[in-house]
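Since the structure comes first, as structure tokens, the remarks are kept for the end.
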Amino acid sequence: MPSLQLPPIHRYLWVQGAASPLPPGTLLAGRYQVVQFPLIQDTCPQEPPTQLEAVPSLAEPYLALSAFSVAIPRPFTQVPHPSDQTPLLLLEEVPLHEVAGKGQTPTLLPTLLAVWEKATALHQLTWLWRIAKLWQPCIDNQVAQSLLDWQNLRVDGEDLRLLTLMAKPDSPTLVNLGQHWQALVETAAVPVKDYLSQVIQRLQSGEGNAKGLAYSLIRAIEQLSAKQAVSVEFATASDQGPTRQRNEDACFPSSGFSEQRSVTPTMVDTVPAPLVVVCDGVGGHQGGDVASRSAIAEVTQQLKHLTRTPNLSHVDIVASLKQAIFAANQVISARNDADQRQDRDRMGTTIVIALVYGTRLYVAHLGDSRAYRVRPYSCRQITLDDDVAVREMRLGLELYQDALQNPGSGALVQALGMAKAEHLHPTVKLYPIATDSLIVLCSDGLSDHDLLERTWVSELKPILSGDRDVATGVKRLIDLANSQNGHDNVTVGVLKLAPHKSAQETPISATVADLLTAVPPENRGSQSATQTVAVPITQNLTPQSASKQWRPLPLLLSSVLIVGLLGIAGALGWQWLQRPIVTDSDDSDEGETLSPVAPPPNSSASENTDSLAIGDYLQIKPLTDPSAAATLLVVDNPPVPDPPVAVDLPERLLPIGSIVQVISRQRTPDNQTWVRLEVCSTLVTDAEAMRPSDPPTSSLGSNESAELEGDRQIPFVQSGDQGWLLETELPVFAERLLGTSNAQQGLCTD
């Protein structure tokens, strides 16, 4: 394909923070023009915004929830109001229906309430499941009111998308959610109606919790889609590119493959579930091509049984995908170790996987190879790159657009083969398939320079509409990447998904509603090829990082020094012990290379506790003082400062050996930081033997722990319990785990 003039970028933003509307044509910060307030157009979309000195307070909950990138808008920048200088937060990735064509103004996507009555049962269940998954994170960030405003809840096919986040100190409860959902019962699809009515009755009576609600809904989705078929047309291609000496990318099925098949969860034993994998090798002449091919071979071997096993649960599929990635990591790491490869010499690879299991699409990834979803009116990235810029955003240190402007922002922070499995944290997400859509997996040879975002109308929309077959479309994408980017290998996998219309859907069983109060089952997935070993935080670890280029660069290292005992550091959702330093050398056309880890350049960063990782696993440890023990406050919110003496806060004892996961952090008015923990597993055979000899000290919200009454017997926690512990007490009672087995993770599963 000859080089062509690429379409211009159109960037539309949404204003949050203005007390009154601004007239059309108003220019903010000399660049952002009001279209129809609060809709704004960026008049210089190819220029980065002016970097901010600090993260705006309005942006903080967005960054905290950035893992939910499909649903939550992303802060773009902050500008002053033209008259009163009030700070205005500008949001990107808002739920807009962008019409192709010059001069066409985007419109908001419809509200959930507006389309509910005519939606399919799978659509309805999926939207409610998305809300359930968001509920507790929004509660923890005091923005759950955002889920109780019909005008704020927009739908994008099967996706739920929020227009803004609405902060409110008084958090709503699941009772409020049940009352809000009552408006949906009368017009619910027949297979869903009785089930939804039962769920709402339980919510309004105060039964269940957010995790039980999400579990009930995912089981309802499994039951509804058990016999529903989906047609999948998919193809792959990989090319060396015009400037590289070898192709370090790899894909499955092999390059040039094209096929169409229809599958259901009950028939995969005869018609295997479609599986597409794209890998981008890291290491240049040191073996990036070997790493990518090894990853493909191991992952497909690991998943071969899954693709032919009918009626698998969501939990089993998620576990199997993760374990396949861990197994591939072990194969590459073992090869590196056998060859005595260290630091820059280690080979590795990114990976992105799409599995179509009936009307359930699973996307797993590690690194910066991407997945996009295309609808008739949009093309959106549905994975978050595992690079420095995204890490800064997820840690709440910078807005994403600001982080992109830093040197080394595209350096990888994790990829297969560079470290042991305990350092890797792959992402696996479910996307139910209720409407026609197109899924594109690709290496950065195609995704760089926003190439897909700029050309999807001409290259991808015709595939979705049926005007171009998938195999031809894939070939055109390879040609497009070579002509417009051309600096790297390029690999593409495209899946066109079309769910069959069901003649009659089976109603959801009433017993599924009972799961609202049940404890979700623990992860039953197969164990990894080598069982990961729990590593305490006192061990000196040096996880590797990968860089796309080499140039001298010091990056910030975040760690935490608490009460002078232990350091806890992390990266949000991925449990990194420390944030690696990326250093680059001369550019090379031999491919990506690995970088060493340097010492922290900024000691001030190690003195704060803001980088405590959401998603970290901790293990309750033995203490030198046998009378002390960790107690969890099992309440919805952290205690208010100086609670009355008569108030008996519900506490549960955390036995030694228990595994807990960090769910969220919250600061109280007395400037105390509390950490919300979920009990994953207790892992003790005789809990009473783990009880301290004397009454334990407790976290009651003051700087000094209060003595409990000697005759008071505190019950033990149960797996699935959630509660609060003072952040300053964490290093006293717990040590951080870099690796956890399925048994240890217990109920803390995706």
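Labels for the structure tokens follow display order: chains A, B, ..., residues from 1 in each chain, ligands from 1.
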Quick one: contact table of segment 441-494 of chain A to segment 368-388 of chain A, 10 Å max, nearest atom pair and distance in Å to one decimal per residue, counting only C-alpha atoms, chain and number order, as JSON lines?
{"residue": "A:Leu441", "atom": "CA", "partner": "A:Ala371", "partner_atom": "CA", "distance": 4.5}
{"residue": "A:Cys442", "atom": "CA", "partner": "A:Arg370", "partner_atom": "CA", "distance": 5.5}
{"residue": "A:Ser443", "atom": "CA", "partner": "A:Ser369", "partner_atom": "CA", "distance": 4.6}
{"residue": "A:Asp444", "atom": "CA", "partner": "A:Ser369", "partner_atom": "CA", "distance": 6.0}
{"residue": "A:Gly445", "atom": "CA", "partner": "A:Ser369", "partner_atom": "CA", "distance": 9.2}
{"residue": "A:Leu446", "atom": "CA", "partner": "A:Ser369", "partner_atom": "CA", "distance": 9.6}
{"residue": "A:Ser447", "atom": "CA", "partner": "A:Arg370", "partner_atom": "CA", "distance": 7.6}
{"residue": "A:Leu452", "atom": "CA", "partner": "A:Cys379", "partner_atom": "CA", "distance": 7.9}
{"residue": "A:Glu453", "atom": "CA", "partner": "A:Cys379", "partner_atom": "CA", "distance": 6.4}
{"residue": "A:Arg454", "atom": "CA", "partner": "A:Cys379", "partner_atom": "CA", "distance": 9.4}
{"residue": "A:Thr455", "atom": "CA", "partner": "A:Cys379", "partner_atom": "CA", "distance": 9.6}
{"residue": "A:Trp456", "atom": "CA", "partner": "A:Cys379", "partner_atom": "CA", "distance": 6.6}
{"residue": "A:Val457", "atom": "CA", "partner": "A:Ser378", "partner_atom": "CA", "distance": 8.4}
{"residue": "A:Leu460", "atom": "CA", "partner": "A:Val374", "partner_atom": "CA", "distance": 7.3}
{"residue": "A:Lys461", "atom": "CA", "partner": "A:Pro376", "partner_atom": "CA", "distance": 6.3}
{"residue": "A:Pro462", "atom": "CA", "partner": "A:Pro376", "partner_atom": "CA", "distance": 9.2}
{"residue": "A:Ile463", "atom": "CA", "partner": "A:Val374", "partner_atom": "CA", "distance": 9.8}
{"residue": "A:Leu464", "atom": "CA", "partner": "A:Pro376", "partner_atom": "CA", "distance": 7.3}
{"residue": "A:Ser465", "atom": "CA", "partner": "A:Pro376", "partner_atom": "CA", "distance": 7.7}
{"residue": "A:Thr491", "atom": "CA", "partner": "A:Ser369", "partner_atom": "CA", "distance": 9.5}
{"residue": "A:Val492", "atom": "CA", "partner": "A:Arg370", "partner_atom": "CA", "distance": 9.9}
{"residue": "A:Gly493", "atom": "CA", "partner": "A:Ala371", "partner_atom": "CA", "distance": 9.3}
{"residue": "A:Val494", "atom": "CA", "partner": "A:Tyr372", "partner_atom": "CA", "distance": 9.5}
**Filtered DSSP result for segment 14-203 of chain A, state helix (DSSP H, G or I), as JSON, numbers by chain** = {"A": [57, 58, 59, 60, 61, 62, 63, 64, 112, 113, 114, 115, 116, 117, 118, 121, 122, 123, 124, 125, 126, 127, 128, 129, 130, 131, 132, 133, 134, 135, 136, 137, 138, 139, 140, 144, 145, 146, 147, 148, 150, 151, 152, 174, 175, 176, 177, 178, 179, 180, 181, 182, 183, 184, 185, 190, 191, 192, 193, 194, 195, 196, 197, 198, 199, 200, 201, 202, 203]}
**Item:** segment 265-315 of chain A: residues DSSP assigns to strand (DSSP E or B), reported as a PyMOL selection string
**Value:** chain A and resi 275-282
**Prompt:** Contacts of Ile353 of chain A at 12 Å or less, counting only C-alpha atoms, minus same-chain residues fewer than 2 places along, as a ChimeraX atom specification?
**Reply:** /A:251-253,274-279,295-296,299-300,303,318,321-322,324-325,350-351,355-356,361-367,369-372,383,426-430,439-443,492-495
**Complete:** Across A:Leu737, A:Val185, A:Leu88, A:Val512, the smallest distance to Tyr32 of chain A, with only C-alpha atoms counted, is shown by A:Leu88
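Nearest to Val470 of chain A of all the residues A:Asn671, A:Ser292, A:Lys621, A:Gln260 is A:Gln260, based on only C-alpha atoms.
Checking A:Ser20, A:Cys680, A:Thr728, A:Pro622 one by one against Pro655 of chain A, counting only C-alpha atoms, you find the shortest gap at A:Pro622.
With atom CA of Phe234 of chain A on one side and atom CA of Leu480 of chain A on the other, the separation reads 18.8 Å.
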**Message:** I'd like the contact shell of Thr307 of chain A - 7 Å cut-off, only C-alpha atoms, skipping same-chain residues fewer than 2 positions apart - returned as a list in words.
**Reply:** Val268, Pro272, Ala273, Leu303, Lys304, His305 and Thr309 of chain A
